[in-house]
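Single-structure report; data block below.
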Amino acid sequence: MPRRDADALAARVPDGALLAIPPDNSLTPAALARALVKRGAHGLRLLGVPVSGYVCDLLVGAGCVASLQTSAASIGEAGLAPRIAAALAAGTLDLIDATCPAIHTMLQAAEKGVPFMPLRGVLGSDLLAHRPDWRVIDNPFQPDDPILLLPALAPDIALFHALCADEAGNVYVGRRRELATIAHAARRSLVTVERVVPGNLLEDEAMAAGTISGVYIEAVAVAPRGAWPSGLLDTYQTDTAHLAEYAKLARTEEGFADYLARFVVDGGETT
Amino acid sequence: MPRRDADALAARVPDGALLAIPPDNSLTPAALARALVKRGAHGLRLLGVPVSGYVCDLLVGAGCVASLQTSAASIGEAGLAPRIAAALAAGTLDLIDATCPAIHTMLQAAEKGVPFMPLRGVLGSDLLAHRPDWRVIDNPFQPDDPILLLPALAPDIALFHALCADEAGNVYVGRRRELATIAHAARRSLVTVERVVPGNLLEDEAMAAGTISGVYIEAVAVAPRGAWPSGLLDTYQTDTAHLAEYAKLARTEEGFADYLARFVVDGGETT
Amino acid sequence: MIRPEERLIGAIARLILDPSAPPARHIAVGAASPIPAAACWLVKLLGHDVRLSLLHQANGNPFTEGTRELFDLAGQGRIDLFFLGGGQIDGQANLNLIGTGAWPGRAARFPGSFGSAFMYLMVPRTILFREEHSPRVLVPRVDHISAPGVSPPGVFRRGTAQALVTGRCVFRFDPAAARFALASVHPGETADSVRAATGFDYDAPGAPPLTADPTADELALLRGPVRARMAATYPAFCRRVFGEDVEHSHG
Amino acid sequence: MIRPEERLIGAIARLILDPSAPPARHIAVGAASPIPAAACWLVKLLGHDVRLSLLHQANGNPFTEGTRELFDLAGQGRIDLFFLGGGQIDGQANLNLIGTGAWPGRAARFPGSFGSAFMYLMVPRTILFREEHSPRVLVPRVDHISAPGVSPPGVFRRGTAQALVTGRCVFRFDPAAARFALASVHPGETADSVRAATGFDYDAPGAPPLTADPTADELALLRGPVRARMAATYPAFCRRVFGEDVEHSHG
């Protein structure tokens with residue numbers, strides 16, 4: 001397998017692409033996001049699956065993002081996502097609100113190749129008035145039972161960081177099986193990993209359950225500590241001090257520029 | 001965790017229950033099926049997920065079964081399922097034909113708690129005329145696009161055999177993650193395992209991905225070689241010679257009675 | 001001395017154990033909810049047979065399919081009780097996690113709806129919790145409804161809010177009337193002080209009782225075993241509320 | 001000597017590689033299909049860039065969600081080519097895996113539809129394969145349609161049968177006409193012998209060519225590396241078709 005780095009993957013992401021981004025606690029593509037900022041990506045449409053944190057806030061702050069669909073945005077315990085809030089206030093971000101299971105359901109519909117999937121709940125929420133792409137129908141199986149239908153949503157590209165890849169292009173996400181749904185639903189997946197291991201993880205019965213087949217993965221790059229400042233399963237813990245520092249700096253444009261200079265442009269992928 | 005055997009689990013299966021049964025190559029509950037035969041279970045409604053083999057044929061042959069919903073029935077390379085075919089010819093079995101992804105979809109709808117889920121394909125198949133519970137509607141998102149809707153199907157009980165259980169009641173199915181959907185969809189799950197291990201598999205990052213949470217599992221029993229004559233992941237291989245012998249004996253009622261006497265009533269759970 | 005947070009934990013634990021409510025055999029707790037999480041641990045360590053699914057806890061994540069598994073569990077009817085809050089909460093128990101001003105929060109943006117629009121309808125019991133009790137938070141009518149407090153007949157809904165616990169009091173919720181009633185006030189508060197701090201109208205039959213303090217046994221559990229189970233996920237909260245750690249058990 | 005099965009394998013491999021058909025970058029093969037599986041391995045070992053997902057193979061099962069993952073892959077449009085057969089196949093390429101006589105097969109029961117009702121519509125190319133070529137199998141009209149050969153306009157469908165390979169010949173399928181045409185006959189057969197053995201009508205423009213034999217290179221691949229990859233899943237087939245094993249490589 002050719003060795004690539006996060007910058008090489010970022011080069012494969014076209015401006016304007018719809019990108020699925022897992023949140024801070026679920027193999028988030030932090031190194032890839034920094035690489036996208038470095039390459040000056042523009043007009044990206046982000047989908048937080050199902051919520052958003054550091055990665056989306058960083059990309060919004062750096063001016064890479066035209067729209068963000070998400071169910072919530074926060075930097076974990078550090079509070080609201082400051083650059084997203086600032087862009088919203090400035091009117092430079094198109095924020096499309098959803099609710100967590102709706103995002104899962106839209107991806108599951110794409111995974112299954114069906115044009116829509118129903119979801120209980122949500123009726124009575126003002127979300128509906130702001131989602132013309134969502135429909136309420138009468139349950140065809142039971143009269144007088146309104147139910148929400150959600151359209152399939154296939155991201156152009158899923159970005160995430162996994163523990164390892166193998167020589168066959170499979171990637172290991174362990175218990176974070178929700179990443180499989182994202183990879184299945186997306187047209188392409190670009191994945192950074194801590195390391196590449198020999199052999200084929202899908203042929204190893206002890207590893208297969210936590211492995212996403214290479215059939216869904218377009219390219220892999222090695223990015224040690226590529227989820228940082230988020231944690232990675234039991235490999236490394238979340239760097240809560242860094243996230244708190246980020247959240248504090250990102251409260252102002254100057255502070256955010258300072259953050260970019262110190263941790264992104266000048267290389268901050270490992271600490 | 002109290003130690004139980006397969007007979008104790010079989011005692012928890014009421015006559016008439018709708019049972020989800022994975023096929024021969026996917027952690028099939030063979031020891032449990034033999035225990036059901038021994039206890040004289042009656043009127044069971046079987047759901048082959050998505051096809052049926054030895055276990056369903058055995059239960060049908062022993063007179064335990066009122067109906068079978070499945071997408072196909074065969075004893076692997078040994079050919080058609082002989083007791084199912086005989087019961088069908090005799091008019092003693094209500095056979096409800098489906099197609100594999102429809103069974104997966106009906107279970108996924110139950111897993112998600114929605115009343116139905118769509119599926120592409122199937123239109124033009126005579127299956128539709130024989131499934132009054134399936135509906136074709138116009139896709140609400142696109143005119144002139146007929147699409148099949150399938151109702152949620154929640155089995156009363158899922159039966160399967162897993163590699164191990166832990167002290168918290170979680171069970172390990174490894175790469176056979178499709179069992180998780182079955183367990184999620186079913187109201188209750190009864191599981192035999194090769195052995196019980198200490199600790200909590202869900203707290204072990206190396207094991208969690210292949211583990212089904214005990215929240216879905218009502219009871220576990222130890223049944224060594226409990227999938228036999230089917231194989232179990234990389235633990236033991238399918239006993240093709242035994243399946244061939246079964247398929248041959250089960251061609252006649254006398255041969256099947258002989259099989260029951262030799263391998264079921266008199267204990268044949270290990271070989 | 002009993003800390004205010006300990007009293008809130010105790011009050012929530014009593015609501016969980018309310019014998020008049022549907023049974024809570026399986027409780028899920030969302031992220032960044034140390035007080036509800038502590039209440040659940042307290043209930044469990046008091047010996048009640050309850051399963052806890054705590055999102056985002058540092059150890060022992062119970063899921064293998066992320067939050068989708070939580071929502072599917074709720075869809076299956078396997079979650080009995082959940083906790084929600086809101087940037088605004090109104091007198092009909094509507095929740096606003098979107099923001100104020102023009103959609104989607106031009107005046108002030110809240111974090112977003114999370115799974116509230118689903119969970120509030122799918123779970124038989126929801127305990128609302130918001131520490132800040134002010135006219136800014138408890139409003140006559142939320143600017144935007146993330147999740148509705150009640151639903152018209154015909155809408156599939158398994159339950160509503162059971163109660164709203166704030167830093168000043170406990171309200172019970174009557175879904176038939178779509179109205180809160182004051183159930184108890186915390187020490188230092190009165191019927192009048194709560195009324196003055198509340199933007200929505202509610203029932204207040206008679207003089208409200210004081211919210212009960214946790215018992216000595218409960219406090220011992222909170223400061224020992226409960227704290228031990230929460231320290232990895234909420235270290236700052238544990239230090240602030242329970243004081244310096246005196247034991248290191250973590251089982 | 002070339003065995004009949006080796007000729008069928010070669011014929012299927014040529015259909016897979018047909019440059020006029022949509023590209024086959026990812027091929028899936030169902031259970032109990034040694035001849036199609038061997039054809040796929042042959043294509044791959046000839047050096048073509050193709051991904052194989054072989055169901056039920058003893059080693060290297062490619063899925064972690066069982067057959068659901070196969071069907072989801074097909075739903076996503078990620079499977080380019082699949083193989084199907086039928087207890088009956090008719091002249092419009094309708095497949096019957098249900099049975100004959102009254103539903104669901106009172107006269108003779110076939111195994112059941114498997115995933116055919118889905119895959120036939122969702123995959124851009126299907127190669128039909130049935131070794132038995134007789135009026136009993138190739139009928140004017142199937143008793144029951146498990147999966148339809150063609151669909152009316154407006155029905156979502158990505159493809160149809162590309163061809164039908166039997167023990168006697170290769171038919172190509174024209175979806176616009178919903179009709180087979182004889183493409184080649186295997187050695188020992190003629191236009192007339194095929195016509196006599198076929199229950200449905202089909203086009204046969206001119207004298208049919210003979211189905212080409214596998215080349216010497218192809219035969220060497222079949223009897224060596226292809227056999228090595230299939231032996232664990234289809235031991236009896238490999239012994240019967242490829243003779244006694246002379247090498248033990250398995251990579």
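We name chains A, B, ... following the order of the structure tokens; residues begin at 1 in each chain, and ligands are numbered from 1 as shown.
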I need the contact residues of chain B against chain A, so if you could list those with any atom within 7 Å, counting only C-alpha atoms, and return them as a ChimeraX atom specification, that would help. /B:114,117-120,174-175,177,205-206,208-210,234
What are the residues of chain D lining chain B at 9 Å or less? Count only C-alpha atoms, and put the answer as a PyMOL selection string. chain D and resi 31-32+56+58+63-69+71-72+75+97-98+103-122+144-152+154-157
Contacts of C:Glu218 at 8 Å or less, counting only C-alpha atoms, minus same-chain residues fewer than 5 places along, as a PyMOL selection string? chain C and resi 10+42+46
Nearby residues (only C-alpha atoms) at most 6 Å from A:Ala223, same-chain spacing under 4 positions excluded, as a PyMOL selection string: chain A and resi 192-194
Which of stretch 35-213 of chain B DSSP labels strand (DSSP E or B), written as a short mmCIF file (atom, residue, chain, number, x, y, z; two decimals) with N, CA, C and O atoms, in the first residue's frame:
data_model
loop_
_atom_site.label_atom_id
_atom_site.label_comp_id
_atom_site.auth_asym_id
_atom_site.auth_seq_id
_atom_site.Cartn_x
_atom_site.Cartn_y
_atom_site.Cartn_z
N LEU B 44 -44.48 -23.87 17.22
CA LEU B 44 -43.52 -22.77 17.07
C LEU B 44 -43.66 -22.13 15.70
O LEU B 44 -43.98 -22.79 14.71
N ARG B 45 -43.42 -20.83 15.67
CA ARG B 45 -43.38 -20.10 14.40
C ARG B 45 -41.93 -19.68 14.19
O ARG B 45 -41.38 -18.93 15.00
N LEU B 46 -41.33 -20.21 13.15
CA LEU B 46 -39.90 -19.97 12.94
C LEU B 46 -39.69 -18.87 11.89
O LEU B 46 -40.41 -18.78 10.90
N LEU B 47 -38.65 -18.07 12.14
CA LEU B 47 -38.21 -17.07 11.17
C LEU B 47 -36.75 -17.39 10.85
O LEU B 47 -35.88 -17.24 11.72
N GLY B 48 -36.48 -17.87 9.64
CA GLY B 48 -35.10 -18.09 9.22
C GLY B 48 -34.48 -16.76 8.83
O GLY B 48 -35.05 -16.03 8.03
N SER B 52 -32.85 -20.88 5.99
CA SER B 52 -33.03 -21.94 6.98
C SER B 52 -32.23 -23.18 6.59
O SER B 52 -32.05 -23.45 5.40
N VAL B 65 -43.30 -27.34 14.80
CA VAL B 65 -43.41 -26.08 14.07
C VAL B 65 -44.76 -25.95 13.37
O VAL B 65 -45.20 -26.85 12.67
N ALA B 66 -45.40 -24.79 13.54
CA ALA B 66 -46.63 -24.49 12.82
C ALA B 66 -46.35 -23.74 11.53
O ALA B 66 -47.00 -23.99 10.52
N SER B 67 -45.39 -22.80 11.57
CA SER B 67 -45.12 -22.01 10.38
C SER B 67 -43.64 -21.67 10.30
O SER B 67 -42.94 -21.63 11.32
N LEU B 68 -43.21 -21.44 9.07
CA LEU B 68 -41.81 -21.08 8.83
C LEU B 68 -41.78 -19.95 7.81
O LEU B 68 -42.25 -20.11 6.69
N GLN B 69 -41.23 -18.82 8.24
CA GLN B 69 -40.98 -17.75 7.29
C GLN B 69 -39.50 -17.74 6.97
O GLN B 69 -38.66 -17.67 7.86
N THR B 70 -39.17 -17.82 5.67
CA THR B 70 -37.77 -17.91 5.29
C THR B 70 -37.61 -17.50 3.85
O THR B 70 -38.59 -17.41 3.10
N ALA B 73 -34.57 -22.69 2.00
CA ALA B 73 -34.27 -23.76 2.96
C ALA B 73 -33.40 -24.80 2.26
O ALA B 73 -33.77 -25.32 1.20
N SER B 74 -32.25 -25.06 2.83
CA SER B 74 -31.40 -26.12 2.31
C SER B 74 -30.41 -26.54 3.38
O SER B 74 -30.14 -25.79 4.31
N LEU B 80 -31.70 -29.82 -0.70
CA LEU B 80 -32.93 -29.28 -0.14
C LEU B 80 -33.18 -29.79 1.28
O LEU B 80 -32.68 -30.84 1.67
N ASP B 94 -47.09 -24.24 7.40
CA ASP B 94 -47.42 -22.99 6.73
C ASP B 94 -46.10 -22.32 6.36
O ASP B 94 -45.40 -21.79 7.24
N LEU B 95 -45.74 -22.38 5.08
CA LEU B 95 -44.47 -21.82 4.63
C LEU B 95 -44.71 -20.42 4.09
O LEU B 95 -45.49 -20.23 3.16
N ILE B 96 -44.03 -19.45 4.66
CA ILE B 96 -44.21 -18.05 4.27
C ILE B 96 -42.92 -17.61 3.59
O ILE B 96 -41.88 -17.45 4.24
N ASP B 97 -42.98 -17.46 2.27
CA ASP B 97 -41.78 -17.12 1.51
C ASP B 97 -41.44 -15.64 1.64
O ASP B 97 -42.32 -14.78 1.58
N PHE B 116 -42.22 0.46 9.82
CA PHE B 116 -41.94 -0.11 8.50
C PHE B 116 -40.61 0.42 8.02
O PHE B 116 -40.06 1.39 8.59
N MET B 117 -40.10 -0.19 6.97
CA MET B 117 -38.89 0.29 6.32
C MET B 117 -39.00 -0.05 4.83
O MET B 117 -39.56 -1.09 4.49
N PRO B 118 -38.49 0.81 3.96
CA PRO B 118 -38.59 0.50 2.52
C PRO B 118 -37.46 -0.42 2.08
O PRO B 118 -36.44 -0.58 2.77
N LEU B 119 -37.67 -1.05 0.92
CA LEU B 119 -36.62 -1.85 0.29
C LEU B 119 -36.78 -1.70 -1.22
O LEU B 119 -37.89 -1.77 -1.75
N ARG B 135 -46.41 -3.85 1.42
CA ARG B 135 -47.16 -2.84 0.67
C ARG B 135 -46.25 -2.15 -0.33
O ARG B 135 -45.10 -1.83 0.01
N VAL B 136 -46.79 -1.86 -1.49
CA VAL B 136 -46.08 -1.01 -2.45
C VAL B 136 -46.73 0.37 -2.41
O VAL B 136 -47.95 0.48 -2.53
N ILE B 137 -45.91 1.39 -2.21
CA ILE B 137 -46.43 2.77 -2.21
C ILE B 137 -45.68 3.58 -3.25
O ILE B 137 -44.66 3.14 -3.80
N ASP B 138 -46.17 4.77 -3.52
CA ASP B 138 -45.42 5.71 -4.33
C ASP B 138 -44.43 6.42 -3.43
O ASP B 138 -44.78 6.91 -2.36
N PRO B 146 -42.59 3.63 -7.68
CA PRO B 146 -43.15 2.68 -6.72
C PRO B 146 -42.05 2.04 -5.89
O PRO B 146 -40.95 1.77 -6.40
N ILE B 147 -42.31 1.79 -4.63
CA ILE B 147 -41.30 1.19 -3.75
C ILE B 147 -42.00 0.34 -2.71
O ILE B 147 -43.11 0.66 -2.26
N LEU B 148 -41.34 -0.74 -2.33
CA LEU B 148 -41.88 -1.68 -1.36
C LEU B 148 -41.66 -1.18 0.06
O LEU B 148 -40.56 -0.73 0.40
N LEU B 149 -42.70 -1.27 0.89
CA LEU B 149 -42.56 -1.04 2.34
C LEU B 149 -42.78 -2.36 3.06
O LEU B 149 -43.75 -3.08 2.79
N LEU B 150 -41.91 -2.64 4.00
CA LEU B 150 -42.00 -3.88 4.77
C LEU B 150 -42.32 -3.54 6.22
O LEU B 150 -41.73 -2.61 6.78
N PRO B 151 -43.21 -4.29 6.84
CA PRO B 151 -43.55 -3.99 8.24
C PRO B 151 -42.43 -4.44 9.19
O PRO B 151 -41.71 -5.40 8.90
N ILE B 157 -38.60 -14.31 20.42
CA ILE B 157 -37.34 -14.77 21.00
C ILE B 157 -36.33 -15.00 19.88
O ILE B 157 -36.66 -15.61 18.85
N ALA B 158 -35.12 -14.51 20.06
CA ALA B 158 -34.00 -14.88 19.20
C ALA B 158 -33.24 -16.01 19.88
O ALA B 158 -32.97 -15.94 21.08
N LEU B 159 -32.92 -17.04 19.12
CA LEU B 159 -32.11 -18.15 19.63
C LEU B 159 -30.82 -18.20 18.83
O LEU B 159 -30.85 -18.20 17.61
N PHE B 160 -29.68 -18.23 19.52
CA PHE B 160 -28.43 -18.45 18.79
C PHE B 160 -27.35 -18.99 19.72
O PHE B 160 -27.54 -19.06 20.93
N HIS B 161 -26.28 -19.41 19.09
CA HIS B 161 -25.16 -19.97 19.83
C HIS B 161 -23.95 -19.07 19.63
O HIS B 161 -23.59 -18.76 18.49
N ALA B 162 -23.33 -18.64 20.71
CA ALA B 162 -22.20 -17.71 20.61
C ALA B 162 -20.95 -18.35 21.18
O ALA B 162 -20.98 -19.44 21.77
N LEU B 163 -19.85 -17.65 20.98
CA LEU B 163 -18.57 -18.22 21.40
C LEU B 163 -18.46 -18.25 22.92
O LEU B 163 -18.09 -19.25 23.52
N CYS B 164 -18.77 -17.14 23.56
CA CYS B 164 -18.65 -17.11 25.01
C CYS B 164 -19.57 -16.03 25.56
O CYS B 164 -20.04 -15.16 24.83
N ALA B 165 -19.83 -16.13 26.84
CA ALA B 165 -20.55 -15.08 27.56
C ALA B 165 -19.64 -14.64 28.70
O ALA B 165 -18.69 -15.34 29.07
N ASP B 166 -19.91 -13.45 29.23
CA ASP B 166 -19.13 -13.00 30.38
C ASP B 166 -20.03 -12.91 31.61
O ASP B 166 -21.22 -13.24 31.56
N VAL B 171 -22.58 -11.40 25.36
CA VAL B 171 -22.15 -12.58 24.59
C VAL B 171 -21.30 -12.14 23.41
O VAL B 171 -21.51 -11.07 22.83
N TYR B 172 -20.35 -12.99 23.04
CA TYR B 172 -19.39 -12.66 21.99
C TYR B 172 -19.72 -13.42 20.72
O TYR B 172 -19.75 -14.65 20.71
N ARG B 188 -36.81 -10.91 23.28
CA ARG B 188 -35.94 -11.61 24.23
C ARG B 188 -34.93 -12.41 23.42
O ARG B 188 -35.22 -12.82 22.30
N SER B 189 -33.76 -12.65 24.00
CA SER B 189 -32.78 -13.51 23.35
C SER B 189 -32.30 -14.56 24.33
O SER B 189 -31.97 -14.24 25.48
N LEU B 190 -32.26 -15.80 23.86
CA LEU B 190 -31.74 -16.92 24.65
C LEU B 190 -30.53 -17.47 23.89
O LEU B 190 -30.63 -17.80 22.71
N VAL B 191 -29.41 -17.59 24.60
CA VAL B 191 -28.15 -17.82 23.91
C VAL B 191 -27.38 -18.95 24.59
O VAL B 191 -27.15 -18.90 25.80
N THR B 192 -26.98 -19.95 23.81
CA THR B 192 -26.02 -20.91 24.32
C THR B 192 -24.62 -20.46 23.93
O THR B 192 -24.42 -19.77 22.93
N VAL B 193 -23.65 -20.86 24.76
CA VAL B 193 -22.26 -20.46 24.51
C VAL B 193 -21.35 -21.64 24.78
O VAL B 193 -21.71 -22.59 25.49
N GLU B 194 -20.15 -21.56 24.22
CA GLU B 194 -19.16 -22.61 24.48
C GLU B 194 -18.68 -22.56 25.93
O GLU B 194 -18.43 -23.58 26.54
N ARG B 195 -18.56 -21.33 26.44
CA ARG B 195 -18.02 -21.19 27.80
C ARG B 195 -18.33 -19.79 28.34
O ARG B 195 -18.69 -18.90 27.57
N VAL B 196 -18.16 -19.65 29.63
CA VAL B 196 -18.33 -18.35 30.28
C VAL B 196 -16.95 -17.85 30.70
O VAL B 196 -16.14 -18.61 31.23
N VAL B 197 -16.68 -16.59 30.43
CA VAL B 197 -15.39 -16.00 30.78
C VAL B 197 -15.59 -14.96 31.87
O VAL B 197 -16.67 -14.40 32.01
N THR B 211 -19.06 -8.05 20.56
CA THR B 211 -19.87 -8.40 21.73
C THR B 211 -21.27 -7.82 21.60
O THR B 211 -21.44 -6.68 21.18
N ILE B 212 -22.27 -8.61 21.99
CA ILE B 212 -23.65 -8.12 22.08
C ILE B 212 -23.95 -7.88 23.55
O ILE B 212 -23.77 -8.77 24.39
#
Quick one: distance from atom CA of D:Gly167 to atom CA of D:Pro23 in Å, one decimal?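 Between atom CA of D:Gly167 and atom CA of D:Pro23 the gap is 25.7 Å.
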Please indicate the distance in Å from atom CA of B:Ala129 to atom CA of D:Gly87, rounded to one decimal place.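 Taking atom CA of B:Ala129 and atom CA of D:Gly87, their separation equals 19.7 Å.
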DSSP on the backbone: what in stretch 5-226 of chain C comes out helix (DSSP H, G or I), as a ChimeraX atom specification? /C:5-16,34-45,66-75,116-122,191-197,216-226
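Of note, atom CA of D:Ala207 and atom CA of D:Phe173 are spaced 17.7 Å apart.
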Quick one: residues within 12 Å of C:Gly47, only C-alpha atoms, excluding same-chain residues fewer than 4 positions away - as a VMD selection string? chain C and resid 17 40 to 43 51 218 221
File of the preceding selection, N, CA and C atoms, as an mmCIF file, in the first residue's frame:
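Output (part36.cif):
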data_model
loop_
_atom_site.group_PDB
_atom_site.id
_atom_site.type_symbol
_atom_site.label_atom_id
_atom_site.label_comp_id
_atom_site.auth_asym_id
_atom_site.auth_seq_id
_atom_site.Cartn_x
_atom_site.Cartn_y
_atom_site.Cartn_z
ATOM 1 N N LEU C 17 -37.000 6.905 41.829
ATOM 2 C CA LEU C 17 -37.577 5.801 42.598
ATOM 3 C C LEU C 17 -39.064 5.979 42.885
ATOM 4 N N CYS C 40 -28.255 8.545 39.303
ATOM 5 C CA CYS C 40 -28.442 7.168 38.842
ATOM 6 C C CYS C 40 -27.526 6.207 39.587
ATOM 7 N N TRP C 41 -26.276 6.619 39.746
ATOM 8 C CA TRP C 41 -25.362 5.768 40.519
ATOM 9 C C TRP C 41 -25.857 5.588 41.952
ATOM 10 N N LEU C 42 -26.385 6.662 42.508
ATOM 11 C CA LEU C 42 -26.890 6.563 43.884
ATOM 12 C C LEU C 42 -28.012 5.531 43.961
ATOM 13 N N VAL C 43 -28.939 5.599 43.002
ATOM 14 C CA VAL C 43 -30.051 4.637 42.990
ATOM 15 C C VAL C 43 -29.510 3.217 42.885
ATOM 16 N N ARG C 51 -30.331 -0.819 35.324
ATOM 17 C CA ARG C 51 -29.219 -0.804 34.374
ATOM 18 C C ARG C 51 -28.967 0.634 33.961
ATOM 19 N N GLU C 218 -27.082 8.072 52.201
ATOM 20 C CA GLU C 218 -26.967 8.527 50.811
ATOM 21 C C GLU C 218 -25.727 9.396 50.629
ATOM 22 N N LEU C 221 -22.702 7.273 50.467
ATOM 23 C CA LEU C 221 -22.576 6.638 49.159
ATOM 24 C C LEU C 221 -22.077 7.648 48.120
#
Need the shell around D:His133: protein/DNA/RNA residues with any atom at most 9 Å away, counting only C-alpha atoms. Skip same-chain ones fewer than 5 positions apart. Format as an mmCIF file with N, CA, C and O atoms, in the first residue's frame?
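Wrote around11.cif, looks like this:
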data_model
loop_
_atom_site.group_PDB
_atom_site.id
_atom_site.type_symbol
_atom_site.label_atom_id
_atom_site.label_comp_id
_atom_site.auth_asym_id
_atom_site.auth_seq_id
_atom_site.Cartn_x
_atom_site.Cartn_y
_atom_site.Cartn_z
ATOM 1 N N LEU D 138 -35.824 -24.976 -18.580
ATOM 2 C CA LEU D 138 -35.946 -23.796 -19.450
ATOM 3 C C LEU D 138 -37.340 -23.830 -20.075
ATOM 4 O O LEU D 138 -37.568 -24.449 -21.095
ATOM 5 N N THR D 166 -25.580 -22.473 -19.808
ATOM 6 C CA THR D 166 -26.083 -23.795 -19.409
ATOM 7 C C THR D 166 -25.041 -24.855 -19.768
ATOM 8 O O THR D 166 -23.967 -24.533 -20.296
ATOM 9 N N GLY D 167 -25.386 -26.090 -19.505
ATOM 10 C CA GLY D 167 -24.509 -27.192 -19.892
ATOM 11 C C GLY D 167 -24.449 -27.420 -21.388
ATOM 12 O O GLY D 167 -23.615 -28.204 -21.861
ATOM 13 N N ARG D 168 -25.316 -26.746 -22.145
ATOM 14 C CA ARG D 168 -25.315 -26.947 -23.600
ATOM 15 C C ARG D 168 -24.866 -25.736 -24.403
ATOM 16 O O ARG D 168 -24.397 -25.895 -25.532
ATOM 17 N N CYS D 169 -25.045 -24.542 -23.844
ATOM 18 C CA CYS D 169 -24.819 -23.362 -24.692
ATOM 19 C C CYS D 169 -24.703 -22.098 -23.867
ATOM 20 O O CYS D 169 -24.851 -22.115 -22.645
ATOM 21 N N VAL D 194 -29.879 -27.865 -29.186
ATOM 22 C CA VAL D 194 -30.224 -26.861 -28.168
ATOM 23 C C VAL D 194 -31.711 -26.515 -28.276
ATOM 24 O O VAL D 194 -32.418 -26.467 -27.271
ATOM 25 N N ALA D 197 -33.848 -29.045 -26.657
ATOM 26 C CA ALA D 197 -33.740 -29.160 -25.200
ATOM 27 C C ALA D 197 -34.277 -27.925 -24.482
ATOM 28 O O ALA D 197 -34.247 -27.871 -23.249
ATOM 29 N N THR D 198 -34.743 -26.940 -25.233
ATOM 30 C CA THR D 198 -35.135 -25.660 -24.636
ATOM 31 C C THR D 198 -36.642 -25.477 -24.721
ATOM 32 O O THR D 198 -37.210 -25.551 -25.812
#
